[in-house]
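Raw contents of my_file19.txt, compact mmCIF, C-alpha atoms:
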# COMPACT_ATOMS: atom_id res chain seq x y z
CA MET A 975 96.38 73.85 112.74
CA ASP A 976 95.57 73.91 109.03
CA ALA A 977 98.45 72.50 107.00
CA ASP A 978 96.97 73.61 103.63
CA LEU A 979 97.95 77.27 103.95
CA PRO A 980 100.99 78.11 101.81
CA GLU A 981 104.02 79.44 103.64
CA ALA A 982 104.01 82.63 101.54
CA MET A 983 100.49 83.40 102.84
CA LEU A 984 101.60 82.75 106.42
CA LEU A 985 104.53 85.13 105.91
CA GLU A 986 102.12 87.83 104.76
CA ALA A 987 99.94 87.12 107.80
CA ALA A 988 103.02 87.39 110.02
CA GLN A 989 103.81 90.84 108.60
CA TRP A 990 100.27 92.07 109.18
CA HIS A 991 100.21 90.59 112.67
CA VAL A 992 103.41 92.43 113.62
CA ARG A 993 102.04 95.72 112.35
CA CYS A 994 98.72 95.26 114.15
CA GLU A 995 100.60 94.54 117.39
CA ASP A 996 102.93 97.53 117.05
CA GLU A 997 102.36 100.12 119.80
CA ARG A 998 102.65 102.78 117.11
CA ALA A 999 99.82 101.22 115.08
CA ASP A 1000 98.23 104.65 114.56
CA ALA A 1001 100.30 104.67 111.37
CA MET A 1002 98.86 101.31 110.31
CA ASP A 1003 97.33 101.19 106.82
CA TRP A 1004 93.99 99.76 107.98
CA ASP A 1005 92.43 100.07 104.52
CA ALA A 1006 95.16 97.92 102.97
CA PHE A 1007 94.87 95.47 105.85
CA THR A 1008 91.10 95.17 105.40
CA ALA A 1009 91.52 94.68 101.66
CA TRP A 1010 94.03 91.91 102.31
CA LEU A 1011 91.67 90.18 104.76
CA GLU A 1012 88.78 90.33 102.31
CA ALA A 1013 90.81 89.17 99.31
CA ASP A 1014 90.83 85.53 100.43
CA PRO A 1015 88.92 83.83 103.31
CA ARG A 1016 92.11 81.92 104.10
CA HIS A 1017 93.85 85.17 105.04
CA ARG A 1018 91.85 85.46 108.29
CA VAL A 1019 92.67 81.83 109.11
CA ALA A 1020 96.36 82.53 108.48
CA LEU A 1021 96.24 85.64 110.67
CA ASP A 1022 94.63 83.69 113.52
CA GLN A 1023 97.29 81.01 113.23
CA MET A 1024 100.05 83.60 113.34
CA ALA A 1025 98.52 85.23 116.43
CA LEU A 1026 98.43 81.87 118.23
CA THR A 1027 101.96 81.02 117.14
CA ALA A 1028 103.22 84.44 118.24
CA ASP A 1029 101.64 83.97 121.67
CA ARG A 1030 103.41 80.67 122.09
CA LEU A 1031 106.74 81.96 120.84
CA GLU A 1032 106.49 85.02 123.07
CA ALA A 1033 105.64 82.91 126.10
CA HIS A 1034 108.49 80.46 125.56
CA GLY A 1035 111.37 82.58 124.32
CA GLY A 1036 111.37 85.99 122.66
CA ALA A 1037 114.49 85.59 120.53
CA LEU A 1038 112.62 86.62 117.40
CA PHE A 1039 111.74 90.16 118.50
CA LEU A 1040 113.66 93.27 117.51
CA ASP A 1041 113.31 96.88 118.64
CA ASP A 1042 113.35 98.30 115.15
CA VAL A 1043 110.03 98.85 113.43
CA GLY A 1044 110.10 99.74 109.77
CA GLU A 1045 107.64 101.30 107.36
CA GLN A 1046 104.27 99.80 106.56
CA PRO A 1047 104.29 97.71 103.36
CA SER A 1048 102.75 99.34 100.32
CA GLN A 1049 101.62 95.82 99.39
CA PRO A 1050 100.91 93.04 101.88
CA ALA A 1051 103.58 90.78 100.39
CA SER A 1052 106.43 93.32 100.54
CA ARG A 1053 109.36 92.29 102.68
CA GLY A 1054 109.68 95.34 104.92
CA ARG A 1055 111.31 95.24 108.33
CA GLY A 1056 109.25 94.71 111.49
CA ARG A 1057 109.56 93.84 115.15
CA TRP A 1058 110.48 90.33 114.03
CA ALA A 1059 113.56 89.67 111.93
CA TRP A 1060 112.77 88.12 108.57
CA GLY A 1061 114.35 84.92 109.84
CA GLY A 1062 111.91 85.06 112.75
CA LEU A 1063 108.97 85.53 110.42
CA ALA A 1064 110.03 82.51 108.41
CA VAL A 1065 110.41 80.39 111.54
CA ALA A 1066 107.00 81.50 112.85
CA ALA A 1067 105.34 80.76 109.51
CA SER A 1068 106.95 77.35 109.37
CA LEU A 1069 105.77 76.58 112.90
CA ALA A 1070 102.25 77.74 112.07
CA ALA A 1071 102.17 75.33 109.13
CA MET A 1072 103.03 72.29 111.26
CA VAL A 1073 100.30 69.87 112.27
CA ALA A 1074 101.98 66.65 113.40
CA VAL A 1075 104.06 67.95 116.31
CA PRO A 1076 102.62 70.16 119.10
CA LEU A 1077 104.57 73.39 119.42
CA PHE A 1078 104.64 73.62 123.20
CA THR A 1079 103.36 71.57 126.06
CA SER A 1080 101.76 74.39 128.08
CA ALA A 1081 98.58 76.09 126.91
CA PRO A 1082 99.02 79.80 126.08
CA SER A 1083 96.85 82.61 127.34
CA THR A 1084 94.08 83.69 125.01
CA ARG A 1085 94.71 86.88 123.06
CA TYR A 1086 92.05 88.99 121.39
CA VAL A 1087 92.84 91.79 118.92
CA THR A 1088 90.43 94.26 117.35
CA HIS A 1089 91.03 96.46 114.35
CA GLY A 1090 88.28 98.79 113.13
CA THR A 1091 85.43 97.22 115.10
CA VAL A 1092 84.51 96.29 118.67
CA ARG A 1093 84.41 92.73 119.99
CA ARG A 1094 82.46 91.28 122.90
CA ILE A 1095 84.38 88.61 124.82
CA ALA A 1096 82.65 86.20 127.18
CA LEU A 1097 84.76 85.10 130.15
CA SER A 1098 84.42 81.64 131.65
CA ASP A 1099 82.63 82.85 134.81
CA GLY A 1100 79.85 84.63 132.93
CA SER A 1101 81.53 88.05 132.95
CA SER A 1102 82.09 89.92 129.70
CA VAL A 1103 84.44 92.47 128.15
CA LEU A 1104 83.65 94.79 125.26
CA LEU A 1105 86.99 95.39 123.55
CA ALA A 1106 87.29 98.74 121.80
CA PRO A 1107 88.62 99.20 118.26
CA HIS A 1108 92.40 98.95 117.78
CA SER A 1109 92.85 97.28 121.17
CA ARG A 1110 94.30 94.07 122.59
CA LEU A 1111 93.23 91.80 125.45
CA LEU A 1112 95.14 88.91 126.97
CA VAL A 1113 93.21 86.54 129.27
CA GLY A 1114 95.17 84.15 131.47
CA GLY A 1115 95.61 82.95 135.02
CA ARG A 1116 93.52 80.40 136.87
CA GLY A 1117 89.97 80.64 135.56
CA GLY A 1118 90.84 83.68 133.45
CA ASP A 1119 91.26 85.92 136.48
CA HIS A 1120 94.28 87.79 135.14
CA ILE A 1121 93.71 90.12 132.20
CA GLU A 1122 95.98 92.53 130.36
CA VAL A 1123 94.53 95.27 128.18
CA ALA A 1124 96.12 97.72 125.75
CA GLY A 1125 93.75 100.26 124.25
CA GLY A 1126 90.19 100.43 125.53
CA ALA A 1127 87.71 98.04 127.09
CA MET A 1128 84.46 98.06 129.07
CA PHE A 1129 84.31 95.37 131.77
CA ASP A 1130 81.10 93.86 133.14
CA ILE A 1131 82.31 91.53 135.90
CA ARG A 1132 80.06 89.07 137.71
CA HIS A 1133 80.15 89.39 141.51
CA ASP A 1134 82.07 86.50 143.08
CA PRO A 1135 83.58 87.11 146.55
CA SER A 1136 85.67 83.93 146.25
CA ARG A 1137 87.93 85.35 143.56
CA THR A 1138 89.55 88.64 142.62
CA LEU A 1139 89.94 89.62 139.00
CA THR A 1140 93.05 91.64 138.16
CA VAL A 1141 93.36 93.82 135.07
CA ASP A 1142 96.82 95.13 134.09
CA ALA A 1143 96.91 98.25 131.90
CA GLY A 1144 99.85 100.54 131.24
CA GLY A 1145 101.63 99.98 134.54
CA VAL A 1146 98.60 99.87 136.85
CA ARG A 1147 96.66 96.94 138.30
CA ILE A 1148 92.89 97.13 138.70
CA SER A 1149 91.40 94.68 141.19
CA ASP A 1150 87.71 93.89 141.40
CA ILE A 1151 85.23 91.38 142.80
CA GLY A 1152 82.26 92.42 140.68
CA THR A 1153 81.50 95.71 138.97
CA ARG A 1154 81.21 97.63 135.70
CA PHE A 1155 84.14 99.81 134.77
CA ASP A 1156 85.92 101.23 131.73
CA VAL A 1157 89.67 101.23 131.06
CA GLN A 1158 91.43 103.42 128.50
CA GLN A 1159 95.18 103.02 128.01
CA ASP A 1160 97.39 104.97 125.62
CA ARG A 1161 101.17 104.86 126.07
CA ASP A 1162 101.92 105.79 129.69
CA VAL A 1163 98.46 107.14 130.50
CA VAL A 1164 95.68 105.00 131.97
CA ARG A 1165 92.11 106.12 132.69
CA VAL A 1166 89.73 104.09 134.84
CA SER A 1167 86.05 105.02 135.28
CA VAL A 1168 83.54 103.09 137.41
CA ALA A 1169 79.85 102.79 136.53
CA GLU A 1170 78.83 100.29 139.24
CA GLY A 1171 80.49 98.78 142.30
CA ARG A 1172 84.07 99.50 143.36
CA VAL A 1173 87.58 98.79 142.08
CA THR A 1174 91.03 99.24 143.60
CA VAL A 1175 93.79 100.68 141.43
CA ASN A 1176 97.46 100.18 142.30
CA GLY A 1177 100.81 100.35 140.53
CA ASP A 1178 104.53 100.33 141.18
CA ALA A 1179 104.76 104.06 140.40
CA MET A 1180 101.72 104.96 142.53
CA ALA A 1181 102.24 106.20 146.06
CA ARG A 1182 99.31 104.18 147.38
CA PRO A 1183 96.34 102.11 146.19
CA VAL A 1184 93.25 104.10 145.25
CA ALA A 1185 89.68 102.85 145.72
CA LEU A 1186 87.20 104.03 143.10
CA ASP A 1187 83.46 103.81 143.72
CA ALA A 1188 80.70 104.15 141.16
CA GLY A 1189 80.71 107.66 139.73
CA SER A 1190 84.44 108.21 140.15
CA GLY A 1191 87.38 108.10 137.78
CA LEU A 1192 91.15 108.16 137.77
CA THR A 1193 93.80 109.25 135.29
CA PHE A 1194 97.36 108.07 135.94
CA ASP A 1195 100.37 109.14 133.89
CA ALA A 1196 103.08 106.58 134.69
CA GLY A 1197 105.71 108.60 132.84
CA ARG A 1198 105.25 111.56 135.19
CA ALA A 1199 103.86 109.58 138.16
CA ALA A 1200 100.92 112.01 138.08
CA LEU A 1201 97.55 110.97 139.49
CA THR A 1202 94.24 112.79 138.98
CA LEU A 1203 90.92 111.86 140.57
CA ALA A 1204 87.60 113.25 139.32
CA PRO A 1205 83.88 112.46 139.49
CA VAL A 1206 82.27 110.95 136.40
CA ARG A 1207 78.67 110.50 135.37
CA PRO A 1208 77.94 106.75 135.42
CA ALA A 1209 76.03 107.21 132.16
CA ASP A 1210 79.23 108.50 130.53
CA VAL A 1211 81.30 105.45 131.52
CA GLY A 1212 81.93 103.49 128.32
CA ALA A 1213 79.90 105.99 126.28
CA TRP A 1214 82.24 105.32 123.33
CA GLN A 1215 79.92 102.37 122.67
CA ALA A 1216 77.23 104.90 121.71
CA GLY A 1217 79.60 107.13 119.73
CA ARG A 1218 80.16 109.71 122.48
CA LEU A 1219 83.42 110.81 124.10
CA THR A 1220 83.09 113.00 127.19
CA TYR A 1221 85.98 114.80 128.89
CA ASP A 1222 86.60 116.90 131.97
CA ASN A 1223 89.87 118.84 131.72
CA ALA A 1224 91.54 116.17 129.55
CA SER A 1225 94.74 116.82 127.64
CA LEU A 1226 94.59 117.34 123.90
CA ALA A 1227 96.96 114.37 123.53
CA LEU A 1228 94.42 112.05 125.17
CA VAL A 1229 91.50 113.40 123.15
CA LEU A 1230 93.37 112.95 119.88
CA ALA A 1231 94.36 109.41 120.87
CA ASP A 1232 90.67 108.64 121.43
CA LEU A 1233 89.69 110.13 118.08
CA ARG A 1234 92.25 107.90 116.39
CA ARG A 1235 90.88 104.82 118.13
CA TYR A 1236 87.13 105.48 118.09
CA ALA A 1237 86.67 107.64 115.01
CA GLY A 1238 89.49 106.37 112.78
CA VAL A 1239 90.88 109.90 112.44
CA ARG A 1240 94.53 110.24 111.49
CA VAL A 1241 95.74 113.36 113.24
CA ASP A 1242 98.89 114.69 114.88
CA ALA A 1243 99.67 117.71 117.04
CA PRO A 1244 102.99 119.35 117.97
CA PRO A 1245 104.23 118.55 121.49
CA ALA A 1246 103.68 122.16 122.54
CA LEU A 1247 99.92 121.72 122.11
CA GLU A 1248 99.47 118.27 123.62
CA ALA A 1249 99.01 119.61 127.15
CA ARG A 1250 96.09 121.90 126.17
CA ARG A 1251 92.98 121.00 128.19
CA PHE A 1252 89.54 120.17 126.90
CA SER A 1253 86.17 119.68 128.60
CA GLY A 1254 83.07 118.67 126.69
CA THR A 1255 81.47 115.92 124.60
CA LEU A 1256 82.38 114.89 121.08
CA ILE A 1257 80.11 112.86 118.80
CA VAL A 1258 82.37 110.56 116.81
CA ASP A 1259 80.01 109.15 114.18
CA ASP A 1260 81.75 111.58 111.81
CA GLY A 1261 85.38 111.66 112.95
CA ASP A 1262 86.46 114.60 110.79
CA LYS A 1263 83.56 116.70 112.04
CA ALA A 1264 84.36 115.78 115.65
CA LEU A 1265 87.96 116.86 115.04
CA ARG A 1266 86.86 120.17 113.54
CA ASP A 1267 84.53 120.74 116.51
CA LEU A 1268 87.39 120.05 118.93
CA VAL A 1269 89.78 122.38 117.15
CA GLY A 1270 87.18 125.15 117.01
CA LEU A 1271 86.36 124.87 120.71
CA LEU A 1272 90.06 125.09 121.61
CA GLY A 1273 90.72 128.06 119.32
CA LEU A 1274 93.19 126.09 117.20
CA ARG A 1275 93.30 125.42 113.47
CA LEU A 1276 93.40 122.32 111.32
CA ARG A 1277 95.75 121.74 108.41
CA GLY A 1278 95.81 118.94 105.87
CA HIS A 1279 92.97 116.74 104.69
CA ALA A 1280 90.96 113.69 105.71
CA GLY A 1281 93.43 110.91 106.43
CA ASP A 1282 96.28 113.30 107.21
CA TRP A 1283 95.28 116.06 109.65
CA ARG A 1284 97.53 118.22 111.81
CA VAL A 1285 96.41 120.49 114.65
CA GLU A 1286 98.27 123.80 114.80
CA PRO A 1287 98.12 127.05 116.83
CA ASN A 1288 95.86 129.74 115.45
Before anything else, please render the file you have as structure tokens.
Amino acid sequence: MDADLPEAMLLEAAQWHVRCEDERADAMDWDAFTAWLEADPRHRVALDQMALTADRLEAHGGALFLDDVGEQPSQPASRGRGRWAWGGLAVAASLAAMVAVPLFTSAPSTRYVTHGTVRRIALSDGSSVLLAPHSRLLVGGRGGDHIEVAGGAMFDIRHDPSRTLTVDAGGVRISDIGTRFDVQQDRDVVRVSVAEGRVTVNGDAMARPVALDAGSGLTFDAGRAALTLAPVRPADVGAWQAGRLTYDNASLALVLADLRRYAGVRVDAPPALEARRFSGTLIVDDGDKALRDLVGLLGLRLRGHAGDWRVEPN
């Protein structure tokens, strides 16, 4: 690790890392974060070091984590509360600054985090994953055959009958020996869609494993133990890469979560509206327009302004 980074910079990086990792990162000030990254090329190095240090700390003892998550800092250097106690942030920053003594003897899994852009990740066997914006991927296991995803990702897995890749997402396990499939996870809800081949989906809250062939999809709500199967057009699997989001009887809550991730739209809806259903395709090159189209099709209304929208009954 680079010993030239000042501890104050590492502390700032620790704060931003915690906020990027927060499950409620929809409230993240991505503009301020981007400005901080661009202000000094060393900031990205510091952030990478903090991510690696956090992985190692998390793997070898999570004493630094708290349940309380405070407000986003108005300035990157502000000392707000986070999932780590301030003592934990200081310890992590100090560890990240060390070069002479290895932190831990065992190698950590590899973690990838995206913010406002996508990232293509090459796996060791020639397979690849396209990680969606505001998503996280953890690659571990023997030969990278165990993956955890939070957010969205499109998998293109090389066929190899000698091994089975397992993807964990929101309480379900997706097993595969070679196929193309898309995973979308938001809170307790996981969606799996298959473009080519076949996957098996299982989970502790599922009554039985479900096999999905090309052209089929699954939505599983772990909170309600509710499972829905539906056909999908293979061309629509992973269509977020081309700026399209297609739905068949999806809840408004899921559609809004996708607009936050793929269009950068900040929008909320009252719980009473979250179960409203939507079928259709949204073009997300212009997130605010896509949101207005959605609201109009559902007969709802939009209050607020760009950056702070709220969907309400008409």
- Message: Report as a ChimeraX atom specification all protein, DNA and RNA residues lying within 8 Å of Trp1283 (chain A), evaluated on only C-alpha atoms, omitting residues in the same chain fewer than 3 positions from it.
- Response: /A:1240-1242,1276-1280
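Of note, CA of Val1157 (chain A) and CA of Ala1237 (chain A) are spaced 17.5 Å apart.
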- List as a PyMOL selection string: which residues have an atom within 7 Å of (77.6, 108.6, 119.9), counting all atoms listed in the file? chain A and resi 1214+1216-1218+1257-1259
- Item | Residue nearest His1089 (chain A) - candidates A:Leu1274, A:Ala1213, A:Cys994, A:Val1175, atoms counted: only C-alpha atoms |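 Between A:Leu1274, A:Ala1213, A:Cys994, A:Val1175, the residue approaching His1089 (chain A) most closely is A:Cys994.
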- Given all atoms listed in the file as the counted atoms, nearest of A:Asp1119, A:Gln1215, A:Thr1140, A:Val1163 to Thr1202 (chain A):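 Checking each of A:Asp1119, A:Gln1215, A:Thr1140, A:Val1163 against Thr1202 (chain A), counting all atoms listed in the file, the winner is A:Val1163.
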- Excluding Ile1095 (chain A) and residues on its chain fewer than 5 positions from it, collect all residues at most 9 Å away from it, counting only C-alpha atoms, and give them as a PyMOL selection string. chain A and resi 1086+1101-1105
- Item | Surrounding residues of Arg1251 (chain A) excluding itself and chain neighbours under 4 positions, 6 Å, all atoms listed in the file, as an NGL selection string | :A and (1223-1226)
I want to know what sits within 10 Å of region 1266-1269 of chain A, based on all atoms listed in the file, with residues of the same chain fewer than 2 positions away left out; could you give that as a CSV table (one decimal) with C-alpha atoms, in the coordinates of the input?
chain,number,residue,atom,x,y,z
A,1226,LEU,CA,94.6,117.3,123.9
A,1229,VAL,CA,91.5,113.4,123.2
A,1230,LEU,CA,93.4,113.0,119.9
A,1252,PHE,CA,89.5,120.2,126.9
A,1253,SER,CA,86.2,119.7,128.6
A,1254,GLY,CA,83.1,118.7,126.7
A,1255,THR,CA,81.5,115.9,124.6
A,1256,LEU,CA,82.4,114.9,121.1
A,1257,ILE,CA,80.1,112.9,118.8
A,1261,GLY,CA,85.4,111.7,113.0
A,1262,ASP,CA,86.5,114.6,110.8
A,1263,LYS,CA,83.6,116.7,112.0
A,1264,ALA,CA,84.4,115.8,115.6
A,1271,LEU,CA,86.4,124.9,120.7
A,1272,LEU,CA,90.1,125.1,121.6
A,1273,GLY,CA,90.7,128.1,119.3
A,1274,LEU,CA,93.2,126.1,117.2
A,1275,ARG,CA,93.3,125.4,113.5
A,1276,LEU,CA,93.4,122.3,111.3
A,1285,VAL,CA,96.4,120.5,114.6
A,1286,GLU,CA,98.3,123.8,114.8
A,1287,PRO,CA,98.1,127.0,116.8
A,1288,ASN,CA,95.9,129.7,115.4
- Item | Minimum-distance residue to Pro1015 (chain A), chosen among A:Val1113, A:Ala1127, A:Ala1169, A:Leu979 (using only C-alpha atoms) |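 Ranking A:Val1113, A:Ala1127, A:Ala1169, A:Leu979 by distance to Pro1015 (chain A), first place goes to A:Leu979.
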- Item | Distance in Å - CA of Ala1143 (chain A) versus CA of Ala1106 (chain A) |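 Distance reported for this atom pair: 14.0 Å.
Rounded to one decimal, CA of Leu1203 (chain A) and CA of Ser1167 (chain A) lie 9.9 Å from each other.
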Is it possible to get the axis-aligned box enclosing region 1222-1232 of chain A (all listed atoms, 6 Å extra per side) as JSON, with centre and edge lengths in Å rounded to one decimal?
{"center_x": 91.8, "center_y": 113.7, "center_z": 125.9, "size_x": 22.4, "size_y": 22.2, "size_z": 24.1}
- Item | Which residue of A:His1017, A:Arg1182, A:Asp1142, A:Ala1006 approaches Pro980 (chain A) most closely, using all atoms listed in the file | A:His1017
- Message: I'd like the neighbourhood of Phe1155 (chain A) as a list in words, where a residue qualifies if any of its atoms comes within 9 Å (using all atoms listed in the file), though same-chain residues fewer than 5 positions away should be ignored.
- Response: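 Close residues of Phe1155 (chain A): Ala1127, Met1128, Phe1129, Asp1130, Ile1131, Val1166, Ser1167, Val1168, Ala1169, Glu1170, Gly1171, Arg1172, Val1173, Ala1188, Val1211 and Gly1212 of chain A.
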